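Peer 1: If you scroll down you'll find the structure; I have some questions about it.
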Amino acid sequence: MLKSAAIALCVLAGLLAVSQVRAAGEQVVIGVIEDLSGVYADTGGQGSIEASTMAIADFGGTVLGKKIILLSVDHQNKPDIGASKFREWADQQGLNALLAGSNTGVSIAMAKVAAAKKVPFFAVGAGGASLTGADCTPYTVHYVYDTTALGNGTASAIVREGGKTWFFVTADYAFGTQLQDAAARVVLANGGKVLGAVRAPLGTTDYSSFLLQAQASRAQVLGLANAGTDFINSLKAADEFGITKTMRPAALLTFITDIHSLTLQTAQGLYLTTSWYWDLNDETRGFAKRFFAKVKKQPTMAHAGYYSATLQYLNAVKAVGSTDPGLVMAQLKKSRINDVFTKNGYIRADGLMVHTMYVMQVKTPAESKNPWDYYKVVKVMSGEEADGSQADPACVLVKK
Amino acid sequence: MTTVFGVPLPAILGQLMLGLVNGSFYALLSLGLAVIFGLLGVVNFAHGAFYMLGAFAAYVGLETFGVNYWCALILAPLTVGILGIVIERLFLRHLYQLDPLYGLLLTFGIALIAEGIMRGLFGASGKSYPVPDSLRGGFNLGFMVLPIYRAWVIFASLSICGASWFLIERTRLGATLRAATENAHLAQAFGINVPLIVMMTYGAGVALAALAGVLAAPVVQVSPLMGSSLVIVVFAVVVIGGMGSILGAIASGVVLGLIEGLTKVIYPEASNVVVFVIMAVVLIWRPNGLFGRESP
Amino acid sequence: MSAKDRFAKVWLYGVLAIVGLAAPWLGLYPVFLMKLLCFSLFACAFNLLLGYTKMLSFGHAAYFGSSAYVTGWLVTAQGWGTIAGILGGVAVAALLGLAIGALAVRRQGIYFAMITLALSQLVFFVCLQAPFTGGENGLQGIPRGSVFGIIDLGGDAAMYYFVLAAFAAVYVLIRRIVHSPFGQVLKAIRANEPRATSLGYKVDRYKLLAFVLSAGLAGLAGSLKALVLGFVTLSDVSQATSGEVILMTLLGGSGTFLGPALGAILVISLQEYLSGLVGAWVSVMIGAIFVVCVTAFRRGFIGEIERRLARRI
C-alpha cells in the first residue's frame with residue numbers, strides 16, 4: 001500500500017513535468033495582464049484584451065513568419081499575482097512582450113520582473129510617474145498617461161480659475177499617492193495651498209467619513225486622487241452629502257466610462273486630462289466604431305493605448321527582424337509613433353512615451369448631441385508641456 | 001468654533017452621526033450572529049455572506065424583476081432565510097454533536113462558495129443600487145447634511161433590534177426558544193419540536209443578516225466582497241458584548257460604531273483596528289465579554 | 001513497530017526524498033516547487049497546533065506574513081544577510097505568537113478561534129498602515145542573497161535545495177517535538193485538560209509554548225517564501241491565507257505528519273491549474289472542498305490512509 005502510494009507520487013510528478021514547458025521560439029507570444037473584475041475593469045479590463053486582439057489582426061496575425069499568440073490573465077489588483085504570472089510566462093511560455101496595467105502598484109512589481117527577465121514591458125493604463133522615475137527599467141515603456149501630466153493638466157486648469165485651497169481624498173497605494181503629489185506640486189507652484197489629505201483603501205465603497213473630513217477643512221477644491229469605481233463612488237457620495245455645493249470636485253483621473261456611469265447630470269463641468277478621445281477625428285472615430293461593435297462601449301484612452309502599443313511592438317520586431325529585447329527596445333526608442341493613438345509620439349530615455357495631452361471639460365446635458373458625446377476640448381498640451389522637456393532625473397537610465 | 005481634543009465640534013458630530021449609522025449595521029448583524037450562537041451554539045462564519053446575498057437579492061430583484069426597494073426589504077430576507085434553512089438541514093444539522101469548531105469551518109466554507117459564485121457572476125467591483133425616491137434628499141443638521149436614507153437606516157435597524165430583543169426575551173415564543181436551547185431533551189419531552197425550532201432560528205438569524213444587506217445596498221454599493229471584511233468586525237463586536245447576550249450584541253454594536261466614528265476624526269489611522277484593540281482589552285479584563293453569561 | 005513496518009516506512013520516505021532531490025531535473029518549474037515547499041512548511045507548523053493540541057488558530061497568516069515582511073525589510077532596507085534576515089523574521093513571528101497566544105490560550109475552542117481571528121486582523125491592518133511594508137504595493141525586489149556569504153542563492157536550483165533542506169529539517173523537528181515528553185503532555189492536555197491540570201501541569205504554559213513554536217515555524221515558512229518569490233504583499237497576512245492553511249491541513253489530514261504537506265501540494269496545485277480560469281471560481285472550489293472535508297472527510301487523505309493501515313506514517 002505504501003509502495004503503491006510512492007509509485008503514484010512518481011507518476012504524478014512525471015505527468016506534471018510533461019505538461020509544463022511550451023516550446024519557445026516558434027511563436028511570438030504577447031501577454032496582457034489586466035484588472036478584469038475589479039475597480040478598473042471598465043476603464044481597462046476586457047476591452048484592453050480586445051484592443052490588443054484587434055491590433056494583432058490588423059497587423060496580419062504573423063510577424064517574421066511566426067504566428068502571434070496572445071495570453072491574458074486577471075491580476076485582480078494584486079501585485080503578487082501580476083508579478084508571478086509575468087515571471088511564469090517568461091520562464092515557461094516564451095513570452096516576448098507584456099502589456100499590462102490599470103494598477104500602478106501591480107505595474108511596479110511587474111517592471112521589476114521585466115528588468116530581471118529582460119522582457120519589453122508596456123505599462124498601459126497605469127498612472128504612476130515613478131514607472132519612469134525611481135522604478136524605471138531599460139525595458140519599461142510607459143504609454144498612455146502619467147500622474148505628472150494629469151497634475152499639469154487638470155490641477156493647473158482649476159487653480160488658474162481660482163481654486164486655490166485643496167483637500168485630497170486619495171487612493172491608498174502608489175498611484176493615488178503619486179497623483180496627489182503631482183497635483184499638490186502644481187497647486188503650490190501656482191500660489192495655492194494644500195489644507196490636508198486623507199487616504200482611502202483601494203476599493204472603498206463608502207466615502208462618507210472621508211468626505212466629511214474634506215468638508216471640515218473648508219478647502220475650495222476637493223481633489224479626488226483616485227480612479228475607476230473609487231472615483232465614481234466618491235463623487236456620488238460628495239453629491240449625496242451636499243459637499244459638491246460647497247467644494248469644487250477635481251477629477252484628477254477620469255475615463256469616459258466613468259462619465260458614462262455617472263451621467264452628464266452629475267459629471268457636467270468637470271475638468272479632466274486625457275491623451276485620447278474617440279471623437280477627435282475621423283481616424284479615432286473609425287477605430288471606436290470597430291471597438292464599439294465588439295465591446296458595446298466606447299474605447300477609453302487605455303484601450304486605444306493597448307491597440308497602439310501592440311502595433312508599435314510588432315512594427316519594431318519587423319523592423320529589426322528579431323524579437324531580441326535589446327534590439328527591439330533600441331528600435332522603439334528611436335522611432336516616432338504615428339497611429340490612431342497619437343501623432344509624432346516618441347519614447348524618452350526614461351521610458352515615457354511623450355505625446356499630446358488634452359484638457360477636456362465634460363459637456364452639460366444640453367450640449368451633448370449624441371450618445372457618448374461627453375467632452376469638449378479646453379486646451380491642447382504638447383508632450384513637453386504635459387511632462388516636461390527633460391527625462392525624469394530620478395531614473396537611473398538618465399545620464400546626469 | 002468650539003473644539004474638542006483640538007478637533008472642531010462640527011467634524012466630531014459629523015463623524016459621530018456616521019458612526020451611529022455604522023453602529024446600527026453592526027448592531028443588526030451582531031444581533032443575528034448572537035441569536036444563532038446563543039440559541040444554536042454555531043458560530044456562523046457565513047453571516048457576512050448572507051448579508052451580501054441579501055444585498056444582491058435586492059439588486060437582482062430590481063434589475064431583473066423590477067422589485068422595488070420596499071418589497072425587497074421583505075422578499076430578500078425571506079429568500080435568503082430559506083436558503084439558510086436549506087443549508088442548515090443539509091449540512092449543519094450533522095455537525096451539532098461534534099466539536100463546534102466544525103460548524104465554524106463549515107460555515108467558513110459556505111461563505112467562500114457564496115462569495116466565489118457571486119464574484120464569478122458579477123465581478124469584484126460594486127454594483128450601484130439607487131436610493132429609493134421617497135428617501136432621497138438630506139436633513140441639514142447644521143454641522144453636516146445627513147442624507148434622509150441614512151437616518152432611515154438608523155431608525156429601521158434599531159427598531160428591528162428592539163423588536164427582536166423583545167420577541168426573544170419577553171414573549172412566549174422567545175421563552176420556548178430559550179428553553180429548547182438550554183435543555184433540548186427536556187423541551188422535547190414537553191412536546192416542543194426542537195429540530196424545527198433550531199432550523200427556523202438559523203433561518204431567522206440569516207434573514208436578519210440579509211435585511212441588513214438590503215439596508216446597506218444604497219449606502220455601500222453591492223459587491224461580493226462586502227461581507228467578508230465586515231464579518232470579522234462583527235465577530236469582535238459579539239465577543240465584546242458577550243457571546244450569549246442579545247442585548248450585549250446590540251449595545252456593543254451601537255457603541256462600537258460610535259467609537260469608530262470618533263477614532264476616525266481623532267486618530268484616523270487607528271479606525272480600522274480600534275474594535276480589535278477594544279476586544280483585546282475587554283477580554284483581559286472580562287473574559288466573558290461585557291454582558292456575557294456563558295462560561296468559558 | 002515491526003521490522004516490516006520499519007522497512008516500508010524507510011522505503012516511503014526514501015522515495016519521497018529521491019523525488020524531492022530530483023524534482024528540478026524532472027522539468028518541473030522550480031519556483032512553483034519552492035512555493036509548494038514553503039506552504040507545506042506553513043501547514044506542518046500550523047498542524048502542530050491543530051493536530052496535536054486541537055487549538056484552531058484562525059489567523060495563522062499573521063505569523064507567516066509578518067515574518068515575511070520583517071525578513072524582506074531586513075534584507076532590503078537594512079542590508080542584512082539572508083540567514084540573519086530569516087532569523088529576524090522568525091523571532092518577530094515567535095514574539096507575535098507569544099503576544100497573541102498569551103491572550104488567546106486563556107479561552108478554548110470557539111473563543112480561542114475568534115480571538116486569534118480578530119487579533120490577526122489587527123496585524124493585517126498594522127501591516128497595511130506601516131510604512132515599511134509598502135501597504136497595498138507590497139515589498140518588492142527582495143534579493144535572495146547567499147548562505148553565510150558562501151553559497152549564492154540567486155539561481156533557482158540552489159535556492160530550491162536550500163528550501164528543501166529547511167523543510168526537511170523542520171519536518172524532523174516537528175516529529176521530534178511530538179514524540180518528546182513535551183509532546184506527550186500536549187497529548188494529555190488534548191485528551192483531558194482538567195485531568196492534566198489536576199496532575200499538576202501548568203496547562204496554559206504548555207499550550208502557549210506550542211503556540212509560539214507553531215508561530216515561529218510558520219514565520220520561517222513566510223520568510224522563505226519572501227526570498228523565493230522576491231516580494232511580500234498583503235495577501236500573505238490576509239484572512240484568505242489563514243483559511244487556506246486550515247484547508248490544507250484538514251484536507252491532508254490533521255494530526256498526521258505527511259497530511260499537511262500533501263494538503264498544501266494539492267491546494268496550491270489546484271489553484272495554479274485553475275488560475276488560467278477565472279479567479280473567483282477557484283474560491284468556490286476551495287469552499288466546496290472545505291464543506292466536503294468537514295462533513296464527510298474529516299480525517300483527510302493521510303488520516304484515512306492511516307486508518308486503513310491501522311498504523312501511523
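Please note that chains go A, B, ... in the order of the C-alpha cells, that every chain numbers its residues from 1, and that ligands are numbered from 1 in the order shown.
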May I ask you to extract the residues of chain C within 7 Å of chain B, using only C-alpha atoms, and to give them as a list in words?
Peer 2: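 Listing them in order of chain and number gives Arg107, Gly109, Ile110, Ala118, Leu119, Leu122, Phe125, Ala280, Trp281, Ser283, Val284, Gly287, Ala288, Phe290, Val291 and Val294 of chain C.
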Peer 1: Write out the residues from the selection above, keeping C-alpha atoms, as a PDB file, in the first residue's frame.
Peer 2:
```pdb
ATOM      1  CA  ARG C 107     -10.001  30.504  26.347  1.00  0.00           C
ATOM      2  CA  GLY C 109     -12.474  26.111  21.340  1.00  0.00           C
ATOM      3  CA  ILE C 110     -14.598  28.710  19.588  1.00  0.00           C
ATOM      4  CA  ALA C 118      -9.640  39.177  15.463  1.00  0.00           C
ATOM      5  CA  LEU C 119      -6.061  39.729  16.576  1.00  0.00           C
ATOM      6  CA  LEU C 122      -5.257  43.705  13.792  1.00  0.00           C
ATOM      7  CA  PHE C 125      -4.266  46.438   9.438  1.00  0.00           C
ATOM      8  CA  ALA C 280     -13.422  33.647  -8.494  1.00  0.00           C
ATOM      9  CA  TRP C 281     -14.254  30.052  -9.290  1.00  0.00           C
ATOM     10  CA  SER C 283     -12.629  30.317  -4.333  1.00  0.00           C
ATOM     11  CA  VAL C 284     -15.746  28.293  -4.961  1.00  0.00           C
ATOM     12  CA  GLY C 287     -15.039  26.453  -0.318  1.00  0.00           C
ATOM     13  CA  ALA C 288     -16.562  23.304  -1.734  1.00  0.00           C
ATOM     14  CA  PHE C 290     -13.914  22.746   2.807  1.00  0.00           C
ATOM     15  CA  VAL C 291     -17.548  21.757   3.000  1.00  0.00           C
ATOM     16  CA  VAL C 294     -15.894  18.985   7.187  1.00  0.00           C
TER      17      VAL C 294
END
```
Peer 1: Write out as a ChimeraX atom specification the residues lying within 8 Å of Leu150 in chain A, counting only C-alpha atoms and excluding same-chain residues fewer than 6 positions away.
Peer 2: /A:179,182-183,252-253,272-274,386
Peer 1: So what do you get for CA of Asp204 in chain C versus CA of Leu49 in chain C, distance-wise?
Peer 2: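 CA of Asp204 in chain C sits 13.5 Å away from CA of Leu49 in chain C.
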Peer 1: Can you build me a table of chain C residues sitting at most 10 Å from chain A, with the closest atom pair per residue and its distance in Å to one decimal, using only C-alpha atoms, sorted by chain and residue number, as a tab-separated table?
Peer 2:
```
residue	atom	partner	partner_atom	distance
C:Asp5	CA	A:Leu2	CA	9.9
C:Ala8	CA	A:Leu2	CA	6.8
C:Lys9	CA	A:Leu2	CA	7.9
C:Trp11	CA	A:Lys3	CA	7.5
C:Leu12	CA	A:Ala6	CA	6.1
C:Tyr13	CA	A:Ala6	CA	8.7
C:Gly14	CA	A:Ala6	CA	9.3
C:Val15	CA	A:Ala6	CA	6.4
C:Leu16	CA	A:Ala6	CA	7.3
C:Ile18	CA	A:Cys10	CA	9.6
C:Val19	CA	A:Cys10	CA	6.9
C:Gly20	CA	A:Ala13	CA	9.9
C:Ala23	CA	A:Ala13	CA	7.9
C:Pro24	CA	A:Ala17	CA	9.5
C:Trp25	CA	A:Ala17	CA	9.4
C:Leu26	CA	A:Ala17	CA	6.1
C:Gly27	CA	A:Ala17	CA	5.1
C:Leu28	CA	A:Ala17	CA	4.9
C:Tyr29	CA	A:Gln20	CA	7.5
C:Val31	CA	A:Glu88	CA	8.7
C:Phe32	CA	A:Glu88	CA	9.0
C:Leu128	CA	A:Pro201	CA	9.3
C:Gln129	CA	A:Asp172	CA	9.5
C:Gly134	CA	A:Tyr173	CA	8.3
C:Gly135	CA	A:Tyr173	CA	6.9
C:Glu136	CA	A:Tyr173	CA	5.5
C:Asn137	CA	A:Gly105	CA	4.7
C:Gly138	CA	A:Pro79	CA	7.2
C:Leu139	CA	A:Ala109	CA	9.0
C:Gln140	CA	A:Ala109	CA	6.5
C:Gly141	CA	A:Lys112	CA	6.9
C:Leu229	CA	A:Ser84	CA	7.9
C:Gly230	CA	A:Asp80	CA	9.6
C:Phe231	CA	A:Asp80	CA	7.3
C:Val232	CA	A:Asp80	CA	7.6
C:Thr233	CA	A:Asp80	CA	6.6
C:Leu234	CA	A:Lys78	CA	8.8
C:Ser235	CA	A:Lys78	CA	8.2
C:Asp236	CA	A:Asp80	CA	9.7
C:Ser269	CA	A:Leu16	CA	9.8
C:Ser275	CA	A:Val73	CA	8.4
C:Gly276	CA	A:Val73	CA	7.0
C:Leu277	CA	A:Val73	CA	8.5
C:Val278	CA	A:Asp74	CA	7.8
C:Gly279	CA	A:Asp74	CA	7.7
C:Ala280	CA	A:Ser37	CA	9.3
C:Ile305	CA	A:Met1	CA	9.1
C:Arg308	CA	A:Met1	CA	9.9
C:Leu309	CA	A:Met1	CA	8.3
C:Ile313	CA	A:Leu2	CA	9.3
```
Peer 1: Export C-alpha atoms of the chosen residues as a compact mmCIF listing (two decimals), in the first residue's frame?
Peer 2:
```
# COMPACT_ATOMS: atom_id res chain seq x y z
CA ASP C 5 6.68 -1.65 9.08
CA ALA C 8 8.03 0.13 4.49
CA LYS C 9 8.46 3.46 6.21
CA TRP C 11 11.00 2.89 1.58
CA LEU C 12 8.31 5.56 1.57
CA TYR C 13 10.50 8.32 2.90
CA GLY C 14 13.34 7.20 0.66
CA VAL C 15 11.18 7.57 -2.43
CA LEU C 16 9.92 10.95 -1.25
CA ILE C 18 14.55 10.98 -4.14
CA VAL C 19 11.61 12.71 -5.77
CA GLY C 20 12.36 15.81 -3.74
CA ALA C 23 12.47 17.41 -8.88
CA PRO C 24 14.24 20.32 -10.60
CA TRP C 25 15.70 17.93 -13.15
CA LEU C 26 12.29 16.49 -13.95
CA GLY C 27 11.39 19.66 -15.78
CA LEU C 28 9.09 20.98 -13.09
CA TYR C 29 9.09 24.73 -12.62
CA VAL C 31 9.74 28.41 -8.36
CA PHE C 32 6.46 26.52 -8.22
CA LEU C 128 -1.49 47.87 5.82
CA GLN C 129 -0.56 51.12 7.53
CA GLY C 134 4.60 49.33 1.34
CA GLY C 135 0.91 48.85 2.08
CA GLU C 136 -1.08 47.83 -0.99
CA ASN C 137 2.03 47.93 -3.16
CA GLY C 138 3.80 45.31 -1.11
CA LEU C 139 7.50 44.89 -0.50
CA GLN C 140 9.29 44.30 -3.79
CA GLY C 141 12.66 43.31 -5.09
CA LEU C 229 9.39 34.91 -4.81
CA GLY C 230 11.16 38.18 -4.10
CA PHE C 231 8.14 40.02 -2.77
CA VAL C 232 5.67 40.17 0.10
CA THR C 233 2.17 41.53 -0.19
CA LEU C 234 -0.88 41.96 1.99
CA SER C 235 -2.26 38.62 0.79
CA ASP C 236 0.37 36.99 2.97
CA SER C 269 -1.52 22.84 -7.43
CA SER C 275 -5.73 30.15 -12.24
CA GLY C 276 -5.95 30.12 -16.01
CA LEU C 277 -9.70 30.11 -15.45
CA VAL C 278 -11.50 32.86 -13.60
CA GLY C 279 -10.05 33.54 -10.18
CA ALA C 280 -13.42 33.65 -8.49
CA ILE C 305 -4.86 6.05 4.76
CA ARG C 308 -6.95 1.74 6.82
CA LEU C 309 -3.43 0.69 7.51
CA ILE C 313 3.07 7.14 8.90
```
Peer 1: When distances are computed from only C-alpha atoms, which of B:Pro195, B:Gly142, B:Gly253, B:Pro224 shows the smallest separation from Leu13 in chain B?
Peer 2: B:Gly142
Peer 1: Hey, list the chain B side of the contact with chain A: 9 Å cut-off, only C-alpha atoms, answer as a list in words.
Peer 2: Pro8, Pro10, Ala11, Gly14, Gln15, Leu18, Gly19, Arg119, Gly120, Phe122, Gly123, Ala124, Ser125, Gly126, Ser128, Arg136, Gly137, Gly138, Met144, Val145, Leu146, Pro147, Val219, Val220, Gln221, Gly261, Lys264, Val265 and Pro268 of chain B
Peer 1: Contacts of Val396 in chain A at 8 Å or less, counting only C-alpha atoms, minus same-chain residues fewer than 6 places along, as number ranges by chain?
Peer 2: A: 133-134, 136
Peer 1: Mind writing the picked residues with C-alpha atoms as a tab-separated table (two decimals), in the first residue's frame?
Peer 2:
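again.tsv was written with the following content:
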```
chain	number	residue	atom	x	y	z
A	133	GLY	CA	11.37	57.66	-12.33
A	134	ALA	CA	12.65	55.73	-9.38
A	136	CYS	CA	12.31	52.79	-14.28
```
Peer 1: Please compute the CA of Tyr206 in chain C-CA of Leu96 in chain C distance, one decimal, in Å.
Peer 2: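 Pair CA of Tyr206 in chain C / CA of Leu96 in chain C returns 16.8 Å.
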Peer 1: Go through A:Leu311, A:Ala219, A:Met360, A:Val317 one by one, measure the shortest atom-to-atom distance of each to Leu280 in chain A using only C-alpha atoms, and give the residue with the smallest value.
Peer 2: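 Among A:Leu311, A:Ala219, A:Met360, A:Val317, it is A:Met360 that comes nearest to Leu280 in chain A.
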Peer 1: Using the chain letters and numbers from this document, which residues of range 213-268 of chain A does DSSP assign to alpha helix (DSSP H), as a ChimeraX atom specification?
Peer 2: /A:213-216,228-240,243-246,256-267
Peer 1: Print the selection's residues with C-alpha atoms to a file, as a short mmCIF file (atom, residue, chain, number, x, y, z; two decimals), in the first residue's frame.
Peer 2:
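See selection_32.cif below for the written result:
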```
data_model
loop_
_atom_site.label_atom_id
_atom_site.label_comp_id
_atom_site.auth_asym_id
_atom_site.auth_seq_id
_atom_site.Cartn_x
_atom_site.Cartn_y
_atom_site.Cartn_z
CA GLN A 213 -13.20 65.36 6.79
CA ALA A 214 -12.75 67.13 3.48
CA GLN A 215 -15.69 69.36 4.22
CA ALA A 216 -14.39 70.16 7.68
CA GLY A 228 -12.38 53.89 -11.72
CA THR A 229 -15.17 52.87 -9.38
CA ASP A 230 -13.34 54.59 -6.49
CA PHE A 231 -13.77 57.88 -8.32
CA ILE A 232 -17.40 57.16 -9.19
CA ASN A 233 -18.26 56.29 -5.60
CA SER A 234 -16.51 59.27 -4.08
CA LEU A 235 -18.15 61.73 -6.47
CA LYS A 236 -21.59 60.22 -5.90
CA ALA A 237 -21.17 60.42 -2.14
CA ALA A 238 -19.96 64.02 -2.39
CA ASP A 239 -23.16 64.78 -4.25
CA GLU A 240 -25.29 62.93 -1.71
CA ILE A 243 -20.45 68.63 -0.48
CA THR A 244 -20.38 69.50 -4.16
CA LYS A 245 -22.36 72.62 -3.25
CA THR A 246 -19.55 74.00 -1.12
CA ILE A 256 -15.04 58.16 -20.46
CA THR A 257 -16.59 55.04 -18.95
CA ASP A 258 -16.71 56.82 -15.58
CA ILE A 259 -18.62 59.74 -17.09
CA HIS A 260 -20.99 57.28 -18.72
CA SER A 261 -21.64 55.69 -15.32
CA LEU A 262 -22.09 58.97 -13.51
CA THR A 263 -24.24 60.54 -16.26
CA LEU A 264 -23.75 64.06 -17.53
CA GLN A 265 -26.19 65.34 -14.96
CA THR A 266 -23.73 64.60 -12.15
CA ALA A 267 -20.46 64.99 -14.03
#
```
Peer 1: Write out as a list of chain:residue names each polymer residue whose atoms come within 12 Å of Gly286 in chain A, counting only C-alpha atoms; drop sequence neighbours fewer than 6 positions from it.
Peer 2: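 Contacts, with the query itself left out: A:Trp278, A:Asp279, A:Leu280, A:Phe292, A:Ala293, A:Gln298, A:Pro299, A:Ala304, A:Val340, A:Phe341.
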Peer 1: Looking only at strand (DSSP E or B) from DSSP on the backbone, list the matching residues of range 82-204 of chain B as a list in words.
Peer 2: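 These are the residues in question: Lys127, Gly138, Phe139, Asn140, Val145, Leu146 and Pro147 of chain B.
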Peer 1: Filtering to N, CA, C and O atoms, could you give me those residues as an mmCIF file, in the first residue's frame?
Peer 2:
```cif
data_model
loop_
_atom_site.group_PDB
_atom_site.id
_atom_site.type_symbol
_atom_site.label_atom_id
_atom_site.label_comp_id
_atom_site.auth_asym_id
_atom_site.auth_seq_id
_atom_site.Cartn_x
_atom_site.Cartn_y
_atom_site.Cartn_z
ATOM 1 N N LYS B 127 -21.751 46.989 -7.605
ATOM 2 C CA LYS B 127 -22.847 47.412 -8.473
ATOM 3 C C LYS B 127 -23.605 48.470 -7.723
ATOM 4 O O LYS B 127 -23.794 48.374 -6.507
ATOM 5 N N GLY B 138 -31.682 65.271 1.928
ATOM 6 C CA GLY B 138 -30.973 65.238 3.201
ATOM 7 C C GLY B 138 -31.532 66.219 4.206
ATOM 8 O O GLY B 138 -32.215 67.180 3.853
ATOM 9 N N PHE B 139 -31.254 65.961 5.481
ATOM 10 C CA PHE B 139 -31.580 66.915 6.545
ATOM 11 C C PHE B 139 -30.370 67.786 6.757
ATOM 12 O O PHE B 139 -29.273 67.270 6.981
ATOM 13 N N ASN B 140 -30.559 69.082 6.757
ATOM 14 C CA ASN B 140 -29.411 69.921 7.076
ATOM 15 C C ASN B 140 -29.332 70.086 8.583
ATOM 16 O O ASN B 140 -30.139 70.767 9.206
ATOM 17 N N VAL B 145 -24.798 67.679 6.356
ATOM 18 C CA VAL B 145 -26.057 67.294 5.730
ATOM 19 C C VAL B 145 -26.199 65.787 5.938
ATOM 20 O O VAL B 145 -25.350 65.024 5.524
ATOM 21 N N LEU B 146 -27.250 65.353 6.627
ATOM 22 C CA LEU B 146 -27.456 63.923 6.807
ATOM 23 C C LEU B 146 -28.469 63.430 5.781
ATOM 24 O O LEU B 146 -29.627 63.844 5.807
ATOM 25 N N PRO B 147 -28.023 62.576 4.850
ATOM 26 C CA PRO B 147 -28.972 62.054 3.876
ATOM 27 C C PRO B 147 -30.128 61.362 4.593
ATOM 28 O O PRO B 147 -29.918 60.640 5.561
#
```
Peer 1: Which is closer to Gly54 in chain B than all the others in B:Ala207, B:Cys161, B:Val238, B:Leu262, using only C-alpha atoms?
Peer 2: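 Smallest distance to Gly54 in chain B is found for B:Ala207.
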Peer 1: Name the residues in contact with Leu64 in chain A at a cut-off of 12 Å, using only C-alpha atoms, excluding same-chain residues fewer than 3 positions from it; report them as a PDB file with C-alpha atoms, in the first residue's frame.
Peer 2:
```
ATOM      1  CA  GLY A  25      10.866  30.287 -30.461  1.00  0.00           C
ATOM      2  CA  GLU A  26       8.180  29.036 -32.791  1.00  0.00           C
ATOM      3  CA  GLN A  27       5.716  31.746 -31.952  1.00  0.00           C
ATOM      4  CA  VAL A  28       5.745  35.344 -30.888  1.00  0.00           C
ATOM      5  CA  PHE A  59      -1.030  43.691 -38.316  1.00  0.00           C
ATOM      6  CA  GLY A  60      -1.744  40.446 -40.106  1.00  0.00           C
ATOM      7  CA  GLY A  61      -1.581  37.783 -37.433  1.00  0.00           C
ATOM      8  CA  LYS A  67       2.242  33.186 -35.507  1.00  0.00           C
ATOM      9  CA  ILE A  68       1.395  35.792 -32.884  1.00  0.00           C
ATOM     10  CA  LEU A 314       5.112  44.364 -33.774  1.00  0.00           C
ATOM     11  CA  ASN A 315       6.378  47.109 -36.077  1.00  0.00           C
ATOM     12  CA  ALA A 316       9.615  47.253 -34.131  1.00  0.00           C
ATOM     13  CA  VAL A 317      10.058  43.482 -34.282  1.00  0.00           C
ATOM     14  CA  LYS A 318       9.528  43.562 -38.023  1.00  0.00           C
ATOM     15  CA  ALA A 319      11.958  46.434 -38.439  1.00  0.00           C
ATOM     16  CA  VAL A 320      14.856  44.768 -36.604  1.00  0.00           C
ATOM     17  CA  GLY A 321      13.991  41.309 -37.885  1.00  0.00           C
ATOM     18  CA  SER A 322      14.083  39.675 -34.435  1.00  0.00           C
ATOM     19  CA  THR A 323      12.435  39.560 -31.024  1.00  0.00           C
TER      20      THR A 323
END
```
Peer 1: Work out how far apart CA of Leu266 in chain C and CA of Ile174 in chain C are and give it in Å to one decimal.
Peer 2: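 CA of Ile174 in chain C lies at a distance of 21.1 Å from CA of Leu266 in chain C.
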Peer 1: Identify, on the basis of only C-alpha atoms, every residue whose closest approach to Arg298 in chain C does not exceed 8 Å; exclude the query and any residue fewer than 2 positions from it along the same chain; express the result as a list in words.
Peer 2: Leu250, Leu251, Gly253, Cys293, Val294, Thr295, Ala296 and Gly300 of chain C
Peer 1: Any chance you could export the current selection's N, CA and C atoms as a compact mmCIF listing (two decimals), in the first residue's frame?
Peer 2:
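Once everything was written out, this is out-v2.txt:
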```
# COMPACT_ATOMS: atom_id res chain seq x y z
N LEU C 250 -6.56 20.29 6.96
CA LEU C 250 -7.75 19.46 7.05
C LEU C 250 -7.81 18.44 5.93
N LEU C 251 -7.53 18.92 4.72
CA LEU C 251 -7.62 18.07 3.54
C LEU C 251 -6.60 16.94 3.59
N GLY C 253 -5.03 15.91 6.29
CA GLY C 253 -5.19 15.10 7.49
C GLY C 253 -4.51 15.75 8.67
N CYS C 293 -14.85 18.29 3.13
CA CYS C 293 -13.96 17.81 4.19
C CYS C 293 -14.63 17.79 5.54
N VAL C 294 -15.33 18.88 5.85
CA VAL C 294 -15.89 18.98 7.19
C VAL C 294 -17.06 18.03 7.38
N THR C 295 -17.83 17.81 6.32
CA THR C 295 -18.98 16.94 6.50
C THR C 295 -18.62 15.47 6.36
N ALA C 296 -17.76 15.14 5.39
CA ALA C 296 -17.58 13.72 5.11
C ALA C 296 -16.14 13.23 5.15
N GLY C 300 -9.16 13.59 6.53
CA GLY C 300 -8.22 13.98 5.50
C GLY C 300 -7.59 12.78 4.82
```
Peer 1: Can you list, as a list in words, every protein, DNA or RNA residue that comes within 9 Å of Val144 in chain A when you count only C-alpha atoms, leaving out same-chain residues fewer than 2 positions away?
Peer 2: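 With the cut-off at 9 Å, the set is Ala123, Val124, Gly125, Ala126, Gly127, His142, Asp146, Thr274, Ser275, Trp276, Met301, Ala302, Ala304, Gly305, Tyr306, Leu352, Met353, Val354 and His355 of chain A.
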